[in-house]
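Right, one structure below, let's go through it.
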Number of protein chains: 2
Amino acid sequence: MIKHPAFACEPWCLRVSGLDLDVLAQSESLFALSNGHIGWRGNLDEGEPHGLPGSYLSGVYELRPLPYAEAGYGYPESGQTVINVTNGKVIRLLVNDEPFDVRYGRLRAHEQSLDFRAGVLRRTAEWESPDGCTVRVSSIRLVSLVQRAIAAVWYEVEPVDEELRVVVQSELVANEQLPRVAGDPRVATALEAPLVACENAAWDARSVLVHRTRQSGLCVAVSMDHVIDGPPGTGVVAESSPDLGRVTVTASISPGNPLRLVKFVSYGWSGARSRPAVRDQADAALAGARQTGWDGLVAEQRSYLDDFWARADVRVEGDAEIQQAVRFGLFHMLQATARGEGRGIPAKGLTGSGYDGHCFWDSEAFVLPVLTYLLPEAVAHMLSWRHSTLPMAEARARQLGMKGATFPWRTIHGEECSGYWPAGTAAFHVNAAIADAVNRYLDITRDEAFETSVGLELLVQTARLWRSLGHHDADGAFRIAGVTGPDEYSAVADNNVYTNLMAQRNLLAAAESCKRHPEEARKLHVDEEEAAGWRDAAQAMYVPYDETLGIHPQADDFTNHQVWDFAATKPDQYPLLLHFPYFDLYRKQVVKQADLVLAMHRRGDAFTPEQKARNFAYYERITVRDSSLSACTQAVIAAEVGHMDLAYDYLAEAALMDLEDVEHNTRDGLHIASLVGSWIALVEGLAGMRHHDGTMCFAPRLPSGLTELSFTVSLLGRRLTVKVNRDTATYTLLAGEPLTIVHHGRPDTVSTAAPVSHRIPPISPGEPPTQPPGRAPAHRLSMQDTGFRRPTRA
Amino acid sequence: MIKHPAFACEPWCLRVSGLDLDVLAQSESLFALSNGHIGWRGNLDEGEPHGLPGSYLSGVYELRPLPYAEAGYGYPESGQTVINVTNGKVIRLLVNDEPFDVRYGRLRAHEQSLDFRAGVLRRTAEWESPDGCTVRVSSIRLVSLVQRAIAAVWYEVEPVDEELRVVVQSELVANEQLPRVAGDPRVATALEAPLVACENAAWDARSVLVHRTRQSGLCVAVSMDHVIDGPPGTGVVAESSPDLGRVTVTASISPGNPLRLVKFVSYGWSGARSRPAVRDQADAALAGARQTGWDGLVAEQRSYLDDFWARADVRVEGDAEIQQAVRFGLFHMLQATARGEGRGIPAKGLTGSGYDGHCFWDSEAFVLPVLTYLLPEAVAHMLSWRHSTLPMAEARARQLGMKGATFPWRTIHGEECSGYWPAGTAAFHVNAAIADAVNRYLDITRDEAFETSVGLELLVQTARLWRSLGHHDADGAFRIAGVTGPDEYSAVADNNVYTNLMAQRNLLAAAESCKRHPEEARKLHVDEEEAAGWRDAAQAMYVPYDETLGIHPQADDFTNHQVWDFAATKPDQYPLLLHFPYFDLYRKQVVKQADLVLAMHRRGDAFTPEQKARNFAYYERITVRDSSLSACTQAVIAAEVGHMDLAYDYLAEAALMDLEDVEHNTRDGLHIASLVGSWIALVEGLAGMRHHDGTMCFAPRLPSGLTELSFTVSLLGRRLTVKVNRDTATYTLLAGEPLTIVHHGRPDTVSTAAPVSHRIPPISPGEPPTQPPGRAPAHRLSMQDTGFRRPTRA
């Protein structure tokens with residue numbers, strides 16, 4: 001766990017002083033820069049030491065065989081894995097004869113800081129070499145949110161005491177050696193040197209490398225240029241070889257006369273265009289960036305972020321850590337999605353190679369619901385990517401004997417890459433999440449062009465899937481058998497409540513969209529009979545209910561299963577999936593992540609308040625949160641049923657997932673969905689925001705640890721700020737026509753003329769529910785008391 | 001399909017005239033010789049052409065890694081695969097300068113015959129070489145049922161027209177090249193040359209080869225010696241190299257002066273003893289066989305089989321094909337089990353490498369129930385092998401979080417080798433089949449020594465498994481959730497009726513056995529409380545029943561599932577598992593093989609006659625018989641509910657499974673369980689034999705195609721022959737104390753003094769049930785009419 005006092009708590013910045021090599025890989029993830037197209041992990045400039053070197057391009061992957069001890073029909077035979085592309089970050093330094101390496105000599109000072117408003121990663125180091133020469137090294141790194149092919153580094157080295165001879169090698173490095181991956185040796189072999197050299201060149205202070213992948217047939221070009229500012233006599237040489245582009249700068253520097261350089265790096269890749277075209281694309285982007293210059297890139301970046309924070313900022317009073325964590329999360333959400341045009345959003349963004357760089361349901365079920373209110377254009381891009389993969393999803397549905405389309409459980413390019421069907425193929429709910437994201441985006445934007453070109457077809461093809469996946473029983477109920485819901489500690493069950501309710505909405509949304517756009521619907525061969533079939537199935541959707549217990553079983557028979565023996569489960573046996581077989585997890589009442597509780601969030605209209613309270617209490621007792629996707633949803637429902645302090649605890653867990661390395665795998669990349677989950681916990685949890693039938697509803701209420709919460713959402717051409725205090729909530733319309741809102745069930749209209757304020761009604765929900773032994777979230781209020789938190793810095 | 005008129009229909013022999021290379025691999029399986037310890041496929045003496053060369057030793061396997069696209073806790077990482085050991089069958093022949101190869105020159109005549117009474121494979125060939133020389137080659141091959149390490153070949157070559165120079169090379173060949181295996185290339189690599197040479201020697205007419213396996217650490221020695229009888233001037237040379245032992249005989253032969261040789265081959269192997277010890281073991285066995293001599297081996301073999309047939313023969317009048325097929329099946333059952341001391345019975349016996357040579361539940365659930373009445377000593381051996389693997393089964397239970405022992409779904413040595421847990425690990429019913437086999441063996445033999453040393457512990461450890469696998473629900477019912485029953489088109493379901501009923505019997509049998517042997521029970525730490533827990537669980541066992549349909553669902557919710565769309569399924573889409581994903585098969589009502597119907601066979605006491613009739617009709621409509629393990633069970637219940645002609649059709653399918661290559665995979669080896677299934681269909685089906693509470697019950701009745709059926713069973717020191725005619729059944733006690741039998745519900749006593757006869761009551765079961773379109777069994781009576789059958793030969 002990263003519980004390091006060096007992580008100072010600041011509202012707009014993540015800063016670490018000193019350098020702890022034990023958590024280097026985690027901090028590389030936390031300090032990753034990305035624009036959704038290029039991702040650079042926060043590796044040290046000089047390349048080593050490293051936890052996991054990482055440079056990623058969204059959509060650049062290699063194929064690898066998926067092996068099976070016993071093969072089966074329809075099993076994917078080929079997997080896709082994100083690859084570490086050419087590293088453009090490396091700037092090595094030789095001080096007199098000693099390479100700058102923090103493992104040798106003495107690191108007198110070291111600080112890294114990620115600035116959420118400037119969108120840059122700053123680093124300063126003061127290092128004494130083994131032979132006693134001391135230098136100050138400073139760098140500022142950015143991945144441009146404005147020029148999507150561009151990253152850049154500002155680099156300065158200055159002696160502290162005396163004149164020194166330095167050599168700076170600014171590099172492009174392909175096929176870096178990676179830490180050994182455990183498991184199937186073939187995976188490691190295939191991905192150890194994934195790039196085949198095609199072309200290399202160097203001249204002036206420039207170099208370009210062009211490579212291709214072996215199996216997936218992608219061409220990747222990386223180009224760099226430099227602006228060098230050094231004392232008289234500074235020399236520059238550029239060289240290249242197949243896997244290396246290098247610009248070497250030699251200079252004699254003295255205190256007050258540093259060597260400075262700006263490194264511009266551009267990336268281009270394609271699976272279709274020729275090698276010269278891809279190289280030219282990279283070179284052209286580089287020319288554009290040079291024209292903009294370092295200061296211009298920095299200014300653009302700031303301006304882009306100013307606009308983002310004006311739309312998206314969340315202010316939290318009373319808990320500085322949460323304030324920082326929420327902005328950290330929103331910043332990384334932006335980095336993961338801003339410029340991912342035409343590509344999916346991987347579960348880890350472009351911050352690490354975890355989960356093979358795959359895109360899961362996380363994006364539509366957790367990230368897009370937030371982006372819809374903050375950055376709706378990114379939602380349209382992501383869903384357009386899904387739309388572009390429809391031919392693959394339709395072919396997959398055909399292979400599985402279904403109609404319409406079934407989207408992959410995990411993928412980079414669009415093909416199903418899941419090698420374990422009970423938790424992959426059977427998790428059809430990913431399709432409902434996509435349809436739900438379409439629906440929400442349309443509700444909030446009324447983007448007709450999107451609906452007719454992208455949204456309608458996604459709704460229609462997913463509705464067709466559900467209609468063919470389910471069937472009517474003898475009583476006329478519509479059942480969906482043998483599928484896997486969100487909770488991965490159950491699988492292949494009948495009538496998963498979440499799945500059935502989400503499918504119900506999907507079916508109705510498709511029918512409604514077809515009604516709005518009859519002509520486009522006809523082009524998709526939807527006739528009235530087909531749409532009526534969707535409505536009928538939705539209306540007849542079966543939702544199991546356990547009358548004896550007065551709760552909804554997560555799926556048929558769930559409540560007949562034995563409750564997991566939590567008392568006998570040791571703390572180090574979590575996550576359970578690493579210590580118990582699926583067969584035993586599946587057959588018992590133990591929940592990895594919110595499933596029925598997620599249904600109560602996304603389909604709150606399908607449950608009474610009493611059912612919500614009873615269901616929540618029931619599932620809390622058996623939910624272990626072995627998934628990072630759970631805490632935010634539990635926060636939302638805890639808040640809805642009135643357990644505000646419990647909601648606060650879950651909010652903190654979601655928000656601090658990576659800052660505290662809760663799941664011990666931040667080293668492989670950040671948990672993007674959990675980070676945006678802090679927004680979900682605050683806005684849909686504490687503030688109780690829901691969008692029902694065209695109306696924004698709020699039910700705000702603060703936990704005892706917070707004094708104020710305010711946030712802004714954009715919808716239907718308006719911008720609304722909500723400020724919640726202990727007793728009142730104030731709604732301010734910043735722009736747009738008057739808007740009807742609902743506060744704790746009471747409708748009101750807010751206009752730009754004046755804010756409206758409402759009192760928050762009291763609630764007494766009774767005793768909070770309990771969790772399995774040892775699995776309660778950390779109790780945030782008691783941590784405040786014990787001073788467990790990180791030091792706060794103004 | 002082998003629908004070749006060359007397969008003549010004879011009561012005691014399988015004979016084929018001519019040689020059809022298209023079905024060579026299938027006929028190699030049919031003509032395989034084995035004693036349960038050594039298996040030799042019916043490859044041609046000269047080695048080539050071949051379908052699949054095969055020489056196997058029970059228990060000799062190699063390890064191979066089991067790969068997973070996504071790994072999981074408790075997945076077996078290492079698999080076991082039977083290997084083709086050193087081939088001792090090969091006798092090559094050079095006629096003048098031409099190698100005898102049926103693909104060249106002209107094969108004037110060729111006949112192979114497997115003699116069920118002599119226990120030998122005979123072959124005669126008359127071949128004209130490309131340069132016009134004609135020879136007559138005859139061979140007789142046996143694998144000794146009496147001397148388990150010994151196989152032998154009698155070989156003769158004689159010219160038809162003129163004196164010829166011949167060279168005979170009698171060989172031991174290790175690491176034969178095998179036909180390429182589809183799928184994972186590493187499997188093929190690992191098994192292509194599985195033997196590492198350790199030692200080779202040759203002298204006189206002898207040779208010995210010693211090899212070891214690479215990973216599994218087994219040492220295999222093969223030794224051969226020859227008795228050569230040729231014209232004066234016949235020369236003999238012995239040579240050896242690491243993978244070849246060769247004795248070369250040269251002779252000039254003329255009509256009436258043939259060259260004859262007898263080849264004795266012995267095998268020895270061990271995972272524990274030293275290489276010299278294993279070599280000496282083979283050499284010693286060889287010395288014994290030479291001492292016995294060819295005629296002695298043949299006589300011993302005949303005598304062994306005379307005894308077997310006196311105990312086991314079944315006579316069928318009215319259908320010569322079935323008569324032949326039943327004896328063929330019993331002969332191969334004997335070959336698979338006779339001398340398998342201390343080893344499992346693979347699904348394919350030792351007739352091919354299908355299913356990796358693994359032992360499944362087939363042996364206990366299908367083979368042992370037959371052996372119990374015919375060859376009970378083989379049952380004790382097989383169960384003792386299971387008992388010897390208890391440490392592995394107990395470790396596996398621990399790994400899965402269970403108590404007691406859980407035996408592997410598939411194995412050679414005892415470790416679980418299933419690479420797909422929903423149809424492997426989850427198929428816990430294998431444990432109940434083992435306990436049931438123990439129980440039946442004890443009922444029929446009262447073998448106390450076996451009970452205290454083997455049976456009791458098997459019953460106790462499996463009962464412990466069930467007790468820990470199930471749980472009581474709020475109403476006190478004992479449920480077993482998340483397991484897979486016999487039907488492999490469903491998986492991971494709750495309360496599979498077959499599993500629950502078999503577990504119930506298992507729990508009670510363990511409690512009873514502990515009561516009989518309190519001292520031994522105490523040694524296993526069973527106290528009264530534990531036994532009471534088993535009884536309670538058995539008593540409270542939950543068995544789902546669908547009141548609306550009036551039938552038993554195969555498992556919870558089964559009847560809520562959609563019925564498979566049989567009308568849309570094309571004939572070439574069977575077996576379904578090769579054309580549809582598991583996810584879709586599992587979620588629909590479609591049955592691969594008898595499951596609930598098997599429950600009605602094995603636990604007939606748990607169903608009323610009306611339930612049996614309704615259940616059978618229901619499941620017939622959705623059972624596709626994509627498994628060879630289904631037809632015999634359907635025959636049994638069809639007969640019980642009175643559909644005798646349908647039972648006859650299923651009997652025929654089970655009996656002709658390999659003779660007609662019904663499942664198109666006889667090339668990989670015979671379906672031993674289906675072959676013994678013909679006995680089950682006749683004796684437990686047509687004759688309705690059941691053993692309940694110490695009493696033998698019969699309910700015999702013939703289908704219209706048969707005129708008489710008679711068979712013999714041994715039980716409790718008695719031998720009983722039952723003869724069934726159209727109107728009467730006659731019970732003859734051949735040996736032993738008087739015995740109470742039940743004929744169609746009426747008890748009677750039969751003694752050696754005189755047979756008793758009873759009339760067969762009429763039955764009118766109404767219309768026979770229907771099967772899915774295209775999946776009805778071949779209607780045997782109409783085949784009789786159309787003359788589709790093979791020619792009958794006296």
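So you can find residues: chains in the structure tokens are A, B, ... in the order shown, residues in each start at 1, and ligands are numbered from 1 in order.
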
task: Could you give me, as a PyMOL selection string, the residues within 12 Å of region 442-447 of chain B, counting only C-alpha atoms and dropping anything in the same chain fewer than 5 positions from it?
output: chain B and resi 369-377+379-380+383+435-437+452-456+459+509+512-513+516+690-696+713-719

Residue list for chain A near chain B as number ranges by chain, 6 Å, only C-alpha atoms: A: 66-70, 73-74, 419, 481-482, 578, 581, 587

Residues from last step as file, N, CA and C atoms, as a compact mmCIF listing (two decimals), in the first residue's frame:
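And here is the file that came out, part_11.txt:
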```txt
# COMPACT_ATOMS: atom_id res chain seq x y z
N LEU A 66 -4.44 -17.96 -27.93
CA LEU A 66 -5.09 -18.29 -26.66
C LEU A 66 -5.16 -19.81 -26.55
N PRO A 67 -4.42 -20.39 -25.63
CA PRO A 67 -4.39 -21.86 -25.55
C PRO A 67 -5.47 -22.39 -24.61
N TYR A 68 -5.92 -23.59 -24.87
CA TYR A 68 -6.93 -24.24 -24.01
C TYR A 68 -6.50 -25.68 -23.75
N ALA A 69 -6.60 -26.08 -22.50
CA ALA A 69 -6.32 -27.49 -22.19
C ALA A 69 -7.36 -28.37 -22.87
N GLU A 70 -8.61 -27.91 -22.89
CA GLU A 70 -9.66 -28.60 -23.65
C GLU A 70 -10.39 -27.55 -24.46
N TYR A 73 -16.16 -25.21 -28.93
CA TYR A 73 -16.71 -24.43 -30.04
C TYR A 73 -16.84 -22.96 -29.65
N GLY A 74 -16.38 -22.09 -30.52
CA GLY A 74 -16.58 -20.66 -30.29
C GLY A 74 -15.58 -20.02 -29.34
N GLY A 419 -10.68 -15.67 -22.68
CA GLY A 419 -10.32 -17.07 -22.77
C GLY A 419 -11.03 -17.94 -21.75
N ALA A 481 -31.72 -17.07 -19.57
CA ALA A 481 -31.07 -18.15 -18.81
C ALA A 481 -29.59 -18.24 -19.14
N GLY A 482 -28.86 -18.72 -18.15
CA GLY A 482 -27.46 -19.12 -18.38
C GLY A 482 -26.51 -17.99 -18.70
N LEU A 578 -8.16 -15.98 -5.87
CA LEU A 578 -6.80 -16.51 -5.90
C LEU A 578 -6.59 -17.66 -4.92
N PRO A 581 -11.55 -22.23 -5.60
CA PRO A 581 -11.92 -22.52 -6.99
C PRO A 581 -13.23 -21.80 -7.38
N ARG A 587 -21.14 -21.44 -6.31
CA ARG A 587 -22.25 -22.17 -5.72
C ARG A 587 -22.61 -21.67 -4.35
```

Backbone-only DSSP, strand (DSSP E or B) members of region 313-435 of chain A, as a PDB file with C-alpha atoms, in the first residue's frame:
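Produced file selection-v4.pdb, reproduced below:
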```pdb
ATOM      1  CA  VAL A 314     -15.883  18.996  -7.869  1.00  0.00           C
ATOM      2  CA  ARG A 315     -15.191  20.788  -4.633  1.00  0.00           C
ATOM      3  CA  VAL A 316     -15.172  18.897  -1.360  1.00  0.00           C
ATOM      4  CA  GLU A 317     -14.828  20.706   1.950  1.00  0.00           C
ATOM      5  CA  CYS A 359     -11.398  -2.494 -22.900  1.00  0.00           C
ATOM      6  CA  THR A 411     -10.867  -6.546 -26.530  1.00  0.00           C
TER       7      THR A 411
END
```

message: Please return, as a PyMOL selection string, all residues of region 272-429 of chain B that DSSP assigns to helix (DSSP H, G or I) on the basis of the backbone.
response: chain B and resi 275-312+320-337+354-357+362-374+376-388+390-399+421-423+429

task: Write out as a VMD selection string which residues come within 7 Å of region 647-661 of chain B when counting only C-alpha atoms, dropping same-chain ones fewer than 4 positions away.
output: chain B and resid 1 to 3 322 325 to 326 631 to 632 634 to 636 638 to 639 643 665 to 666 670 to 671 674 to 675 677 to 678 681 to 682 703 777 to 780

Please write the residues from the selection above to a file, keeping C-alpha atoms, as a short mmCIF file (atom, residue, chain, number, x, y, z; two decimals), in the first residue's frame.
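For reference, out-v2.cif as written:
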```
data_model
loop_
_atom_site.label_atom_id
_atom_site.label_comp_id
_atom_site.auth_asym_id
_atom_site.auth_seq_id
_atom_site.Cartn_x
_atom_site.Cartn_y
_atom_site.Cartn_z
CA MET B 1 -19.54 -45.93 -40.85
CA ILE B 2 -18.29 -49.44 -41.16
CA LYS B 3 -21.22 -50.87 -43.09
CA ILE B 322 -26.81 -58.69 -31.96
CA ALA B 325 -22.09 -57.86 -31.15
CA VAL B 326 -22.85 -58.85 -27.56
CA ALA B 631 -28.26 -45.75 -25.58
CA CYS B 632 -27.93 -48.62 -23.10
CA GLN B 634 -32.39 -45.57 -22.60
CA ALA B 635 -32.82 -49.23 -23.51
CA VAL B 636 -33.15 -50.14 -19.84
CA ALA B 638 -37.64 -48.04 -22.39
CA ALA B 639 -37.95 -51.71 -21.45
CA HIS B 643 -41.56 -49.97 -24.98
CA ASN B 665 -14.35 -42.15 -33.76
CA THR B 666 -13.83 -45.89 -33.46
CA LEU B 670 -13.35 -48.83 -28.83
CA HIS B 671 -16.12 -47.48 -26.58
CA SER B 674 -21.01 -48.80 -24.71
CA LEU B 675 -19.92 -52.34 -25.57
CA GLY B 677 -23.87 -51.47 -22.46
CA SER B 678 -25.23 -54.13 -24.77
CA ALA B 681 -29.53 -53.33 -22.32
CA LEU B 682 -30.20 -57.07 -22.57
CA PRO B 703 -39.08 -57.25 -28.23
CA PRO B 777 -32.40 -44.78 -33.03
CA ALA B 778 -32.28 -46.86 -36.22
CA HIS B 779 -35.44 -48.96 -36.26
CA ARG B 780 -34.11 -52.47 -36.15
#
```

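Contact shell of Ala511 (chain B) at 12 Å (only C-alpha atoms; same-chain neighbours under 5 positions omitted): Asn439, Leu456, Glu457, Leu459, Val460, Gln461, Thr462, Ala463, Arg464, Gln504, Arg505, Asn506, Arg516, His517, Pro518, Ala521, Val526, Asp527, Glu528, Glu529, Glu530, Ala531, Ala532, Gly533, Trp534, Arg535, Asp536, Ala537 and Ala538 of chain B.
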
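The shortest atom-to-atom distance to Ala423 (chain A), with only C-alpha atoms taken into account, belongs to A:Thr484 out of A:Gln112, A:Thr484, A:Thr292, A:Ser363.
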
Non-local contacts of region 622-630 of chain B (6 Å; only C-alpha atoms; under 2 positions in same chain excluded) as a ChimeraX atom specification: /B:575,590-594,619-620,632-633,674,772,775

Keeping N, CA and C atoms, export the residues of the selection given above as a short mmCIF file (atom, residue, chain, number, x, y, z; two decimals), in the first residue's frame.
```cif
data_model
loop_
_atom_site.label_atom_id
_atom_site.label_comp_id
_atom_site.auth_asym_id
_atom_site.auth_seq_id
_atom_site.Cartn_x
_atom_site.Cartn_y
_atom_site.Cartn_z
N PRO B 575 -22.38 -34.20 -33.59
CA PRO B 575 -22.73 -33.85 -32.21
C PRO B 575 -22.74 -32.33 -32.00
N VAL B 590 -31.79 -29.57 -23.71
CA VAL B 590 -31.27 -30.53 -24.69
C VAL B 590 -30.31 -31.41 -23.90
N VAL B 591 -30.44 -32.70 -24.09
CA VAL B 591 -29.72 -33.65 -23.25
C VAL B 591 -28.77 -34.47 -24.12
N LYS B 592 -27.50 -34.46 -23.75
CA LYS B 592 -26.51 -35.21 -24.52
C LYS B 592 -26.67 -36.70 -24.26
N GLN B 593 -26.89 -37.04 -23.00
CA GLN B 593 -26.89 -38.44 -22.62
C GLN B 593 -27.77 -38.61 -21.38
N ALA B 594 -28.27 -39.81 -21.20
CA ALA B 594 -29.18 -40.10 -20.09
C ALA B 594 -28.64 -39.55 -18.78
N TYR B 619 -38.03 -36.86 -21.40
CA TYR B 619 -36.60 -36.75 -21.74
C TYR B 619 -36.27 -37.36 -23.09
N GLU B 620 -37.07 -38.34 -23.53
CA GLU B 620 -36.84 -38.86 -24.87
C GLU B 620 -36.92 -37.76 -25.93
N CYS B 632 -27.62 -47.45 -23.93
CA CYS B 632 -27.93 -48.62 -23.10
C CYS B 632 -28.89 -48.24 -21.97
N THR B 633 -28.70 -47.04 -21.39
CA THR B 633 -29.58 -46.62 -20.31
C THR B 633 -30.99 -46.37 -20.84
N SER B 674 -19.86 -48.54 -23.84
CA SER B 674 -21.01 -48.80 -24.71
C SER B 674 -21.08 -50.28 -25.06
N PRO B 772 -35.99 -36.31 -30.70
CA PRO B 772 -35.83 -35.13 -31.56
C PRO B 772 -35.72 -35.56 -33.02
N ARG B 775 -33.12 -37.94 -34.61
CA ARG B 775 -32.31 -38.53 -33.54
C ARG B 775 -32.91 -39.81 -32.97
#
```

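CA of Ala613 (chain B) is positioned 24.7 Å from CA of Ile741 (chain B).
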
task: Please identify all polymer residues within 9 Å of Gly550 (chain B), counting only C-alpha atoms, omitting same-chain residues fewer than 4 positions from it, and present them as a ChimeraX atom specification.
output: /B:545-546,611,614-615

- line: Min atom-atom distance to Tyr574 (chain B) from the set B:His601, B:His381, B:His664, B:Arg339, counting only C-alpha atoms, belongs to B:His664

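Coordinates place CA of Thr770 (chain B) at a distance of 23.4 Å from CA of Pro700 (chain B).
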
message: Measuring between only C-alpha atoms, which one of A:Pro765, A:Gly688, A:Gly352, A:Gly774 shows the shortest distance to His744 (chain A)?
response: A:Gly688

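Across the structure, CA of Val85 (chain A) and CA of Leu261 (chain A) are spaced 23.3 Å apart.
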
message: From the options A:Ile91, A:Val120, A:Asn84, A:Glu126, which residue's atoms come nearest to Arg108 (chain A), counting only C-alpha atoms?
response: A:Glu126
